[in-house]
$ cat data-v4.tsv   # TSV, C-alpha atoms
chain	number	residue	atom	x	y	z
A	1	MET	CA	126.03	74.27	-64.24
A	2	ALA	CA	124.71	71.33	-62.31
A	3	MET	CA	122.05	70.89	-64.96
A	4	SER	CA	124.62	70.69	-67.72
A	5	PHE	CA	126.69	68.25	-65.72
A	6	SER	CA	124.33	65.36	-66.22
A	7	CYS	CA	120.75	66.31	-66.87
A	8	ALA	CA	119.26	62.92	-66.16
A	9	SER	CA	120.84	62.49	-62.78
A	10	SER	CA	119.86	65.99	-61.74
A	11	SER	CA	116.30	65.24	-62.72
A	12	PHE	CA	116.54	62.03	-60.71
A	13	ALA	CA	117.77	63.99	-57.74
A	14	SER	CA	114.97	66.50	-58.04
A	15	ILE	CA	112.37	63.75	-58.28
A	16	PHE	CA	113.83	61.99	-55.29
A	17	THR	CA	114.08	65.03	-53.10
A	18	HIS	CA	110.48	65.76	-53.94
A	19	ASN	CA	109.40	62.22	-53.17
A	20	LYS	CA	111.44	61.66	-50.09
A	21	SER	CA	108.37	61.27	-47.92
A	22	ILE	CA	106.46	58.95	-50.26
A	23	THR	CA	106.56	55.30	-49.30
A	24	PHE	CA	106.62	52.43	-51.72
A	25	ASN	CA	103.32	51.35	-53.15
A	26	PHE	CA	104.41	47.80	-53.86
A	27	PRO	CA	106.38	45.57	-51.53
A	28	SER	CA	109.40	45.14	-53.67
A	29	HIS	CA	112.39	42.92	-53.44
A	30	SER	CA	114.44	45.32	-55.47
A	31	PRO	CA	117.24	47.38	-53.97
A	32	PRO	CA	116.25	50.65	-52.33
A	33	ILE	CA	115.73	53.68	-54.49
A	34	SER	CA	118.45	56.22	-54.69
A	35	THR	CA	117.69	58.72	-51.95
A	36	SER	CA	119.17	56.41	-49.37
A	37	SER	CA	121.89	55.30	-51.73
A	38	PHE	CA	122.92	58.83	-52.60
A	39	LEU	CA	123.31	59.64	-48.97
A	40	ARG	CA	125.06	56.37	-48.33
A	41	LEU	CA	127.60	57.10	-51.02
A	42	THR	CA	128.32	60.65	-50.07
A	43	ALA	CA	128.23	60.50	-46.29
A	44	PRO	CA	130.89	58.08	-45.12
A	45	SER	CA	133.87	58.05	-47.43
A	46	ARG	CA	133.90	61.07	-49.67
A	47	LEU	CA	134.20	63.82	-47.14
A	48	ALA	CA	137.56	64.86	-48.50
A	49	ILE	CA	136.14	65.56	-51.94
A	50	VAL	CA	132.66	66.67	-50.96
A	51	PRO	CA	133.04	68.68	-47.78
A	52	LYS	CA	130.04	69.21	-45.58
A	53	LEU	CA	127.30	67.63	-47.62
A	54	SER	CA	124.29	67.94	-45.38
A	55	GLN	CA	120.90	66.46	-46.06
A	56	THR	CA	119.18	69.77	-46.42
A	57	GLU	CA	121.02	71.14	-49.42
A	58	THR	CA	119.28	72.37	-52.53
A	59	PRO	CA	118.69	69.78	-55.27
A	60	SER	CA	121.10	71.28	-57.78
A	61	VAL	CA	124.05	71.21	-55.44
A	62	GLU	CA	123.19	67.73	-54.26
A	63	SER	CA	123.08	66.39	-57.77
A	64	GLU	CA	126.46	67.88	-58.64
A	65	ALA	CA	128.07	66.47	-55.53
A	66	VAL	CA	126.38	63.14	-56.04
A	67	ALA	CA	127.46	62.96	-59.65
A	68	GLU	CA	131.06	63.54	-58.61
A	69	ALA	CA	130.79	60.88	-55.94
A	70	LEU	CA	129.22	58.43	-58.34
A	71	GLU	CA	132.03	58.73	-60.81
A	72	PHE	CA	134.54	57.72	-58.22
A	73	GLU	CA	132.67	54.98	-56.42
A	74	PRO	CA	130.32	52.80	-58.41
A	75	ALA	CA	130.41	50.04	-55.86
A	76	ASN	CA	126.78	49.63	-54.90
A	77	GLU	CA	124.27	47.64	-56.88
A	78	THR	CA	121.48	50.21	-56.98
A	79	LEU	CA	120.06	52.69	-59.43
A	80	ALA	CA	123.07	54.83	-58.57
A	81	GLU	CA	125.32	52.34	-60.29
A	82	SER	CA	123.42	52.42	-63.51
A	83	GLU	CA	123.83	56.18	-63.52
A	84	ALA	CA	127.55	55.82	-62.95
A	85	LYS	CA	127.73	53.42	-65.89
A	86	GLY	CA	126.80	56.32	-68.14
A	87	GLU	CA	123.11	55.41	-68.43
A	88	GLU	CA	123.62	53.62	-71.69
A	89	VAL	CA	120.97	51.08	-70.89
A	90	PHE	CA	117.71	50.45	-72.55
A	91	ALA	CA	115.02	47.88	-71.92
A	92	VAL	CA	111.99	46.53	-73.68
A	93	VAL	CA	109.15	46.41	-71.18
A	94	MET	CA	105.58	45.25	-71.54
A	95	VAL	CA	102.92	47.47	-69.99
A	96	GLY	CA	99.21	47.48	-70.59
A	97	GLY	CA	99.47	44.82	-73.28
A	98	ARG	CA	101.93	46.85	-75.32
A	99	GLN	CA	105.70	46.78	-75.54
A	100	TYR	CA	107.88	49.85	-75.32
A	101	ILE	CA	111.59	50.55	-75.64
A	102	VAL	CA	112.50	52.41	-72.51
A	103	PHE	CA	115.41	54.68	-71.57
A	104	PRO	CA	116.09	56.02	-68.11
A	105	GLY	CA	115.08	59.63	-67.71
A	106	ARG	CA	112.46	59.68	-70.42
A	107	PHE	CA	108.72	59.45	-70.08
A	108	LEU	CA	106.14	57.50	-71.96
A	109	TYR	CA	102.37	57.22	-72.18
A	110	THR	CA	100.80	53.89	-71.32
A	111	GLN	CA	97.27	52.66	-70.83
A	112	ARG	CA	95.70	53.99	-67.67
A	113	LEU	CA	97.03	52.19	-64.62
A	114	LYS	CA	94.17	51.94	-62.18
A	115	ASP	CA	95.02	52.30	-58.49
A	116	ALA	CA	98.11	54.37	-59.21
A	117	LYS	CA	98.19	57.84	-57.76
A	118	VAL	CA	100.41	60.62	-59.05
A	119	ASP	CA	103.99	60.41	-57.74
A	120	ASP	CA	103.75	56.70	-57.02
A	121	LYS	CA	106.85	54.64	-57.58
A	122	ILE	CA	106.14	51.72	-59.81
A	123	ILE	CA	108.15	48.66	-60.72
A	124	LEU	CA	107.57	47.09	-64.09
A	125	ASN	CA	108.40	43.42	-64.02
A	126	LYS	CA	107.85	42.17	-67.54
A	127	VAL	CA	111.18	43.10	-69.02
A	128	LEU	CA	111.70	41.34	-72.32
A	129	LEU	CA	115.14	42.56	-73.27
A	130	VAL	CA	117.85	44.71	-71.73
A	131	GLY	CA	120.66	46.22	-73.72
A	132	THR	CA	123.74	48.04	-72.60
A	133	LYS	CA	126.64	49.36	-74.53
A	134	THR	CA	128.47	46.08	-74.42
A	135	SER	CA	125.95	43.31	-73.91
A	136	THR	CA	122.41	42.30	-74.56
A	137	TYR	CA	120.28	40.27	-72.18
A	138	ILE	CA	117.54	38.53	-74.11
A	139	GLY	CA	114.60	37.25	-72.12
A	140	LYS	CA	112.87	33.96	-72.79
A	141	PRO	CA	110.37	35.42	-72.53
A	142	VAL	CA	111.34	37.61	-69.56
A	143	VAL	CA	114.76	38.60	-68.27
A	144	PRO	CA	114.92	37.06	-64.80
A	145	ASN	CA	114.93	39.47	-61.87
A	146	ALA	CA	114.99	42.49	-64.09
A	147	ALA	CA	112.88	45.43	-63.06
A	148	VAL	CA	112.26	48.87	-64.44
A	149	HIS	CA	111.57	51.56	-61.88
A	150	ALA	CA	109.24	54.35	-62.85
A	151	VAL	CA	107.24	57.16	-61.33
A	152	VAL	CA	103.67	57.98	-62.25
A	153	GLU	CA	103.64	61.57	-63.39
A	154	GLU	CA	100.16	62.20	-64.62
A	155	GLN	CA	96.89	60.38	-65.18
A	156	GLY	CA	95.32	62.09	-68.13
A	157	LEU	CA	93.39	61.53	-71.33
A	158	ASP	CA	94.49	61.05	-74.90
A	159	PRO	CA	93.54	63.74	-77.44
A	160	LYS	CA	89.98	63.49	-78.63
A	161	VAL	CA	89.13	61.16	-81.47
A	162	VAL	CA	85.86	61.73	-83.33
A	163	VAL	CA	84.06	58.47	-84.03
A	164	PHE	CA	81.65	59.23	-86.86
A	165	LYS	CA	79.49	56.45	-88.21
A	166	TYR	CA	77.45	56.99	-91.34
A	167	LYS	CA	75.41	54.77	-93.61
A	168	LYS	CA	74.46	56.26	-96.94
A	169	LYS	CA	70.83	56.58	-97.99
A	170	LYS	CA	69.65	55.17	-94.68
A	171	ASN	CA	69.68	58.35	-92.66
A	172	TYR	CA	72.06	56.92	-90.10
A	173	ARG	CA	74.62	59.22	-88.54
A	174	ARG	CA	76.30	58.89	-85.18
A	175	ASN	CA	78.81	61.44	-83.96
A	176	ILE	CA	80.70	60.40	-80.83
A	177	GLY	CA	83.85	61.80	-79.27
A	178	HIS	CA	86.26	59.57	-77.40
A	179	ARG	CA	89.24	60.25	-75.13
A	180	GLN	CA	91.13	57.22	-74.00
A	181	PRO	CA	92.54	57.45	-70.46
A	182	ASN	CA	96.30	57.18	-70.24
A	183	THR	CA	99.07	57.44	-67.69
A	184	ARG	CA	102.35	59.21	-68.14
A	185	ILE	CA	105.22	57.52	-66.37
A	186	ARG	CA	108.80	58.61	-66.15
A	187	ILE	CA	111.45	55.93	-66.15
A	188	LEU	CA	113.93	56.13	-63.33
A	189	GLY	CA	116.20	53.21	-63.95
A	190	ILE	CA	116.67	49.64	-64.94
A	191	THR	CA	118.02	47.13	-62.44
A	192	GLY	CA	118.51	43.50	-61.76
A	193	TYR	CA	119.57	42.20	-65.12
A	194	GLN	CA	123.07	41.12	-64.32
A	195	ASP	CA	122.53	37.42	-64.90
A	196	SER	CA	122.57	35.39	-68.08
A	197	PRO	CA	123.82	37.82	-70.68
A	198	ALA	CA	122.96	36.36	-74.01
A	199	SER	CA	125.73	38.05	-75.87
A	200	THR	CA	128.53	40.41	-75.16
A	201	LEU	CA	130.28	42.42	-77.79
A	202	PRO	CA	134.00	41.97	-78.28
B	1	MET	CA	77.34	69.55	-85.84
B	2	ASN	CA	76.85	73.19	-86.56
B	3	LYS	CA	78.47	75.15	-89.31
B	4	LYS	CA	81.33	76.49	-87.27
B	5	GLU	CA	82.50	73.02	-86.35
B	6	VAL	CA	82.12	71.85	-89.91
B	7	PHE	CA	84.28	74.66	-91.23
B	8	LYS	CA	86.88	74.01	-88.57
B	9	LEU	CA	87.13	70.43	-89.71
B	10	ALA	CA	87.18	71.48	-93.36
B	11	LYS	CA	90.41	73.41	-93.18
B	12	GLY	CA	92.73	72.62	-96.03
B	13	PHE	CA	90.07	71.15	-98.28
B	14	ARG	CA	90.08	71.85	-101.95
B	15	GLY	CA	88.02	74.54	-103.65
B	16	ARG	CA	84.54	75.25	-102.39
B	17	ALA	CA	84.64	72.42	-99.91
B	18	LYS	CA	86.33	74.61	-97.38
B	19	ASN	CA	84.06	77.63	-97.83
B	20	CYS	CA	80.54	76.62	-98.78
B	21	ILE	CA	78.57	74.79	-96.14
B	22	ARG	CA	76.64	72.39	-98.36
B	23	ILE	CA	79.74	71.05	-99.98
B	24	ALA	CA	81.85	71.26	-96.85
B	25	ARG	CA	79.40	69.22	-94.85
B	26	GLU	CA	79.52	66.39	-97.35
B	27	ARG	CA	83.27	66.41	-97.55
B	28	VAL	CA	83.71	66.58	-93.80
B	29	GLU	CA	81.41	63.63	-93.31
B	30	LYS	CA	83.39	61.70	-95.87
B	31	ALA	CA	86.63	62.68	-94.16
B	32	LEU	CA	85.37	61.45	-90.80
B	33	GLN	CA	84.27	58.15	-92.33
B	34	TYR	CA	87.71	57.74	-93.83
B	35	SER	CA	89.36	58.47	-90.52
B	36	TYR	CA	87.20	55.83	-88.81
B	37	ARG	CA	88.15	53.26	-91.43
B	38	ASP	CA	91.78	54.26	-91.50
B	39	ARG	CA	92.27	54.01	-87.76
B	40	ARG	CA	91.75	50.32	-88.35
B	41	ASN	CA	93.87	50.27	-91.51
B	42	LYS	CA	96.71	52.04	-89.77
B	43	LYS	CA	97.28	49.03	-87.57
B	44	ARG	CA	97.56	46.78	-90.60
B	45	ASP	CA	99.83	49.16	-92.47
B	46	MET	CA	102.16	49.66	-89.56
B	47	ARG	CA	102.49	45.94	-89.05
B	48	SER	CA	103.43	45.37	-92.66
B	49	LEU	CA	105.93	48.22	-92.46
B	50	TRP	CA	107.52	46.65	-89.40
B	51	ILE	CA	107.73	43.32	-91.17
B	52	GLU	CA	109.44	44.96	-94.15
B	53	ARG	CA	111.97	46.57	-91.89
B	54	ILE	CA	112.67	43.41	-89.93
B	55	ASN	CA	113.08	41.54	-93.19
B	56	ALA	CA	115.61	44.06	-94.43
B	57	GLY	CA	117.46	44.00	-91.13
B	58	THR	CA	117.73	40.25	-90.96
B	59	ARG	CA	118.71	39.78	-94.59
B	60	VAL	CA	121.78	41.88	-93.88
B	61	HIS	CA	122.81	39.07	-91.57
B	62	GLY	CA	121.87	36.34	-93.99
B	63	VAL	CA	118.54	35.26	-92.50
B	64	ASN	CA	115.15	35.93	-93.99
B	65	TYR	CA	112.11	37.11	-92.09
B	66	GLY	CA	110.24	33.82	-91.99
B	67	ASN	CA	113.10	31.81	-90.56
B	68	PHE	CA	113.95	34.60	-88.14
B	69	MET	CA	110.46	34.70	-86.68
B	70	HIS	CA	110.31	30.92	-86.55
B	71	GLY	CA	113.52	30.85	-84.58
B	72	LEU	CA	112.23	33.47	-82.14
B	73	VAL	CA	109.04	31.55	-81.61
B	74	LYS	CA	111.01	28.40	-80.91
B	75	GLU	CA	113.08	30.23	-78.31
B	76	ASN	CA	109.96	31.69	-76.70
B	77	ILE	CA	111.10	35.27	-77.23
B	78	GLN	CA	107.99	37.39	-77.16
B	79	LEU	CA	109.19	40.66	-78.61
B	80	ASN	CA	106.66	42.10	-80.99
B	81	ARG	CA	107.29	43.34	-84.48
B	82	LYS	CA	107.17	46.98	-83.56
B	83	VAL	CA	110.00	46.63	-81.08
B	84	LEU	CA	111.96	44.34	-83.38
B	85	SER	CA	111.81	46.86	-86.20
B	86	GLU	CA	112.96	49.66	-83.92
B	87	LEU	CA	115.82	47.54	-82.65
B	88	SER	CA	116.82	46.72	-86.20
B	89	MET	CA	117.04	50.42	-86.98
B	90	HIS	CA	118.54	51.90	-83.83
B	91	GLU	CA	120.22	49.11	-81.87
B	92	PRO	CA	122.10	47.09	-84.44
B	93	TYR	CA	124.20	45.11	-81.99
B	94	SER	CA	121.21	43.96	-79.97
B	95	PHE	CA	119.45	43.06	-83.18
B	96	LYS	CA	122.40	41.02	-84.34
B	97	ALA	CA	122.31	39.15	-81.03
B	98	LEU	CA	118.67	38.33	-81.66
B	99	VAL	CA	119.44	37.13	-85.18
B	100	ASP	CA	122.16	34.87	-83.83
B	101	VAL	CA	119.84	33.42	-81.22
B	102	SER	CA	117.25	32.75	-83.89
B	103	ARG	CA	119.81	31.23	-86.21
B	104	THR	CA	120.99	28.75	-83.60
B	105	ALA	CA	117.39	27.85	-82.79
B	106	PHE	CA	116.37	27.33	-86.40
B	107	PRO	CA	119.14	27.07	-88.96
B	108	GLY	CA	117.26	27.28	-92.20
B	109	ASN	CA	119.24	29.56	-94.40
B	110	LYS	CA	122.10	27.61	-95.82
B	111	ASN	CA	121.52	28.95	-99.32
B	112	MET	CA	121.07	32.64	-98.65
B	113	THR	CA	123.52	34.58	-100.71
B	114	PRO	CA	123.44	38.35	-100.23
B	115	ALA	CA	122.53	40.39	-103.29
B	116	PRO	CA	125.58	41.25	-105.37
B	117	LYS	CA	126.93	44.64	-104.49
B	118	LYS	CA	126.45	47.18	-107.25
B	119	GLU	CA	129.39	49.36	-108.10
B	120	GLY	CA	129.38	52.83	-109.57
B	121	LEU	CA	126.48	53.85	-111.77
B	122	ALA	CA	124.80	50.47	-111.40
B	123	ILE	CA	123.56	51.69	-108.00
B	124	LEU	CA	121.09	53.92	-109.81
B	125	VAL	CA	119.59	51.08	-111.82
$ encode --input "data-v4.tsv" --output "structure tokens"
Amino acid sequence: MAMSFSCASSSFASIFTHNKSITFNFPSHSPPISTSSFLRLTAPSRLAIVPKLSQTETPSVESEAVAEALEFEPANETLAESEAKGEEVFAVVMVGGRQYIVFPGRFLYTQRLKDAKVDDKIILNKVLLVGTKTSTYIGKPVVPNAAVHAVVEEQGLDPKVVVFKYKKKKNYRRNIGHRQPNTRIRILGITGYQDSPASTLP
Amino acid sequence: MNKKEVFKLAKGFRGRAKNCIRIARERVEKALQYSYRDRRNKKRDMRSLWIERINAGTRVHGVNYGNFMHGLVKENIQLNRKVLSELSMHEPYSFKALVDVSRTAFPGNKNMTPAPKKEGLAILV
């Protein structure tokens, strides 16, 4: 039931409860990631609606309660607010020399990020465009202060590619296999783009 | 490579090339050469496909591809063609915003008239 409520936010909650003890890898100026903000939203003012939300509850219950709280109080400028907005945000981010269109809650494969361990929180700074349901923020070339938060899920290898070189009549054959290292990252949210909207729909 | 690997790579080949080792080996070697060459060609083909799509998307708004890209370059927008083509397909409002930005930066299309709309059976022509 909690899973059907909003799948993305429940997955966020499960990631966050798993990563509660992990500290930030990068000293970031961005607003704090949602574990603290979830608790901040639910603890002080919503006790009438969400009775007795303690910090040790199971992830499914926490996400349901948090989702209810978020609908009523989108007052804080954190990842929580982008969830409350309905998560209709996308961004174009540049990682590893390549550009990707990115949605919160989905994962993508990028070139291997060295010095990134599994379950590290990562902030991608080169955000070239952010789009919401009503407005588009076009970067020239980068949207100022925009950041995409992501978590490293896995550092693996691409499927094998056979590199076969052959020259006819010269007895030259080389058979080499190649697996390119990659990193799978899951996008948590997109923040910091609320300045200079280039165009807003009527 | 030994015969087992050759036959594994020869699945789906035509006639004796999937069953008889002498012929299969030749065909598999040729297939691997083609895949080496085509990994490089794929990058070219995809880029031209993206350009086609961007062209179609911008002409809907009365701007052709060349002027659109010139306007983006002038505005120092560094989105690549892959992302632009995907935006033109799936995010039409964002793409229209980009076309407007490009049009203000480089107004070059005073004479673009959209193709006349075909009615009825003329659509099939």
$ residues_around --input "data-v4.tsv" --residues "Val101 of chain B" --least-positions-apart "6" --cutoff "12 Å" --atoms "only C-alpha atoms" --output "list of chain:residue names"
A:Thr136, A:Tyr137, A:Ile138, A:Gly139, A:Lys140, A:Ala198, A:Ser199, B:Val63, B:Asn67, B:Phe68, B:Met69, B:His70, B:Gly71, B:Leu72, B:Val73, B:Lys74, B:Glu75, B:Asn76, B:Ile77, B:Ser94, B:Phe95, B:Pro107
$ residues_around --input "data-v4.tsv" --residues "Arg37 of chain B" --least-positions-apart "5" --cutoff "12 Å" --atoms "all atoms listed in the file" --output "list in words"
Val162, Val163, Phe164, Lys165 and Tyr166 of chain A; Lys30, Ala31, Leu32, Lys42, Lys43 and Arg44 of chain B
$ interface_residues --input "data-v4.tsv" --of "chain A" --to "chain B" --cutoff "12 Å" --atoms "all atoms listed in the file" --output "ChimeraX atom specification"
/A:88-94,97-102,126-143,161-168,172-177,197-202
$ atom_distance --input "data-v4.tsv" --atom1 "atom CA of Thr58 of chain B" --atom2 "atom CA of Phe103 of chain A"
24.3 Å
$ atom_distance --input "data-v4.tsv" --atom1 "atom CA of Val148 of chain A" --atom2 "atom CA of Lys117 of chain A"
18.0 Å
$ atom_distance --input "data-v4.tsv" --atom1 "atom CA of Thr183 of chain A" --atom2 "atom CA of Gln155 of chain A"
4.4 Å
$ residues_around --input "data-v4.tsv" --residues "Asn64 of chain B" --least-positions-apart "4" --cutoff "10 Å" --atoms "all atoms listed in the file" --output "PyMOL selection string"
chain B and resi 54-60+68-69+99+108-109+112
$ closest_residue --input "data-v4.tsv" --among "B:Arg53, B:Val28, B:Phe106, B:Ile23" --to "Lys11 of chain B" --atoms "only C-alpha atoms"
B:Val28
$ residues_around --input "data-v4.tsv" --residues "His149 of chain A" --least-positions-apart "3" --cutoff "10 Å" --atoms "only C-alpha atoms" --output "VMD selection string"
chain A and resid 30 33 79 104 121 to 125 146 185 to 191
$ decode --input "data-v4.tsv" --residues "segment 87-97 of chain B" --atoms "all heavy atoms" --output "PDB file, in the first residue's frame"
ATOM      1  N   LEU B  87      14.617  15.934 -26.576  1.00  0.00           N
ATOM      2  CA  LEU B  87      13.703  16.977 -26.106  1.00  0.00           C
ATOM      3  C   LEU B  87      12.661  17.288 -27.171  1.00  0.00           C
ATOM      4  O   LEU B  87      11.493  17.521 -26.850  1.00  0.00           O
ATOM      5  CB  LEU B  87      14.477  18.254 -25.783  1.00  0.00           C
ATOM      6  CG  LEU B  87      15.386  18.209 -24.566  1.00  0.00           C
ATOM      7  CD1 LEU B  87      16.137  19.508 -24.470  1.00  0.00           C
ATOM      8  CD2 LEU B  87      14.601  17.982 -23.316  1.00  0.00           C
ATOM      9  N   SER B  88      13.079  17.272 -28.436  1.00  0.00           N
ATOM     10  CA  SER B  88      12.115  17.619 -29.474  1.00  0.00           C
ATOM     11  C   SER B  88      11.031  16.563 -29.567  1.00  0.00           C
ATOM     12  O   SER B  88       9.904  16.869 -29.950  1.00  0.00           O
ATOM     13  CB  SER B  88      12.803  17.787 -30.823  1.00  0.00           C
ATOM     14  OG  SER B  88      13.079  16.538 -31.382  1.00  0.00           O
ATOM     15  N   MET B  89      11.357  15.326 -29.187  1.00  0.00           N
ATOM     16  CA  MET B  89      10.337  14.282 -29.256  1.00  0.00           C
ATOM     17  C   MET B  89       9.462  14.260 -28.016  1.00  0.00           C
ATOM     18  O   MET B  89       8.248  14.157 -28.104  1.00  0.00           O
ATOM     19  CB  MET B  89      11.017  12.914 -29.389  1.00  0.00           C
ATOM     20  CG  MET B  89      11.599  12.685 -30.742  1.00  0.00           C
ATOM     21  SD  MET B  89      11.965  10.956 -30.969  1.00  0.00           S
ATOM     22  CE  MET B  89      13.329  10.765 -29.854  1.00  0.00           C
ATOM     23  N   HIS B  90      10.099  14.338 -26.822  1.00  0.00           N
ATOM     24  CA  HIS B  90       9.352  14.047 -25.605  1.00  0.00           C
ATOM     25  C   HIS B  90       9.015  15.259 -24.761  1.00  0.00           C
ATOM     26  O   HIS B  90       8.152  15.162 -23.905  1.00  0.00           O
ATOM     27  CB  HIS B  90      10.151  13.078 -24.718  1.00  0.00           C
ATOM     28  CG  HIS B  90      10.448  11.799 -25.405  1.00  0.00           C
ATOM     29  ND1 HIS B  90      11.702  11.279 -25.539  1.00  0.00           N
ATOM     30  CD2 HIS B  90       9.645  10.932 -26.036  1.00  0.00           C
ATOM     31  CE1 HIS B  90      11.654  10.154 -26.205  1.00  0.00           C
ATOM     32  NE2 HIS B  90      10.415   9.909 -26.513  1.00  0.00           N
ATOM     33  N   GLU B  91       9.714  16.357 -24.945  1.00  0.00           N
ATOM     34  CA  GLU B  91       9.451  17.534 -24.106  1.00  0.00           C
ATOM     35  C   GLU B  91       9.175  18.699 -25.030  1.00  0.00           C
ATOM     36  O   GLU B  91      10.036  19.565 -25.215  1.00  0.00           O
ATOM     37  CB  GLU B  91      10.653  17.851 -23.215  1.00  0.00           C
ATOM     38  CG  GLU B  91      11.195  16.670 -22.467  1.00  0.00           C
ATOM     39  CD  GLU B  91      10.345  16.366 -21.245  1.00  0.00           C
ATOM     40  OE1 GLU B  91       9.541  17.229 -20.877  1.00  0.00           O
ATOM     41  OE2 GLU B  91      10.481  15.261 -20.699  1.00  0.00           O
ATOM     42  N   PRO B  92       8.014  18.749 -25.626  1.00  0.00           N
ATOM     43  CA  PRO B  92       7.804  19.764 -26.663  1.00  0.00           C
ATOM     44  C   PRO B  92       7.833  21.191 -26.146  1.00  0.00           C
ATOM     45  O   PRO B  92       8.297  22.088 -26.853  1.00  0.00           O
ATOM     46  CB  PRO B  92       6.422  19.411 -27.213  1.00  0.00           C
ATOM     47  CG  PRO B  92       5.798  18.547 -26.207  1.00  0.00           C
ATOM     48  CD  PRO B  92       6.880  17.847 -25.476  1.00  0.00           C
ATOM     49  N   TYR B  93       7.394  21.381 -24.892  1.00  0.00           N
ATOM     50  CA  TYR B  93       7.372  22.766 -24.410  1.00  0.00           C
ATOM     51  C   TYR B  93       8.783  23.281 -24.156  1.00  0.00           C
ATOM     52  O   TYR B  93       9.114  24.419 -24.468  1.00  0.00           O
ATOM     53  CB  TYR B  93       6.526  22.856 -23.136  1.00  0.00           C
ATOM     54  CG  TYR B  93       5.078  22.543 -23.392  1.00  0.00           C
ATOM     55  CD1 TYR B  93       4.442  21.476 -22.771  1.00  0.00           C
ATOM     56  CD2 TYR B  93       4.342  23.307 -24.292  1.00  0.00           C
ATOM     57  CE1 TYR B  93       3.123  21.192 -23.022  1.00  0.00           C
ATOM     58  CE2 TYR B  93       3.027  23.025 -24.546  1.00  0.00           C
ATOM     59  CZ  TYR B  93       2.421  21.965 -23.906  1.00  0.00           C
ATOM     60  OH  TYR B  93       1.110  21.675 -24.157  1.00  0.00           O
ATOM     61  N   SER B  94       9.625  22.419 -23.567  1.00  0.00           N
ATOM     62  CA  SER B  94      11.015  22.840 -23.373  1.00  0.00           C
ATOM     63  C   SER B  94      11.688  23.092 -24.705  1.00  0.00           C
ATOM     64  O   SER B  94      12.476  24.032 -24.864  1.00  0.00           O
ATOM     65  CB  SER B  94      11.786  21.774 -22.608  1.00  0.00           C
ATOM     66  OG  SER B  94      11.203  21.533 -21.374  1.00  0.00           O
ATOM     67  N   PHE B  95      11.361  22.250 -25.696  1.00  0.00           N
ATOM     68  CA  PHE B  95      11.997  22.441 -26.994  1.00  0.00           C
ATOM     69  C   PHE B  95      11.548  23.737 -27.626  1.00  0.00           C
ATOM     70  O   PHE B  95      12.331  24.461 -28.250  1.00  0.00           O
ATOM     71  CB  PHE B  95      11.660  21.258 -27.907  1.00  0.00           C
ATOM     72  CG  PHE B  95      12.477  21.222 -29.144  1.00  0.00           C
ATOM     73  CD1 PHE B  95      13.837  20.973 -29.090  1.00  0.00           C
ATOM     74  CD2 PHE B  95      11.909  21.457 -30.379  1.00  0.00           C
ATOM     75  CE1 PHE B  95      14.599  20.944 -30.226  1.00  0.00           C
ATOM     76  CE2 PHE B  95      12.665  21.428 -31.520  1.00  0.00           C
ATOM     77  CZ  PHE B  95      14.011  21.178 -31.444  1.00  0.00           C
ATOM     78  N   LYS B  96      10.276  24.085 -27.442  1.00  0.00           N
ATOM     79  CA  LYS B  96       9.814  25.338 -28.005  1.00  0.00           C
ATOM     80  C   LYS B  96      10.527  26.501 -27.341  1.00  0.00           C
ATOM     81  O   LYS B  96      10.846  27.499 -27.994  1.00  0.00           O
ATOM     82  CB  LYS B  96       8.310  25.475 -27.823  1.00  0.00           C
ATOM     83  CG  LYS B  96       7.803  26.779 -28.398  1.00  0.00           C
ATOM     84  CD  LYS B  96       6.319  26.759 -28.669  1.00  0.00           C
ATOM     85  CE  LYS B  96       5.909  27.838 -29.655  1.00  0.00           C
ATOM     86  NZ  LYS B  96       6.562  29.105 -29.500  1.00  0.00           N
ATOM     87  N   ALA B  97      10.782  26.372 -26.024  1.00  0.00           N
ATOM     88  CA  ALA B  97      11.520  27.449 -25.348  1.00  0.00           C
ATOM     89  C   ALA B  97      12.904  27.613 -25.962  1.00  0.00           C
ATOM     90  O   ALA B  97      13.386  28.731 -26.171  1.00  0.00           O
ATOM     91  CB  ALA B  97      11.635  27.140 -23.849  1.00  0.00           C
TER      92      ALA B  97
END
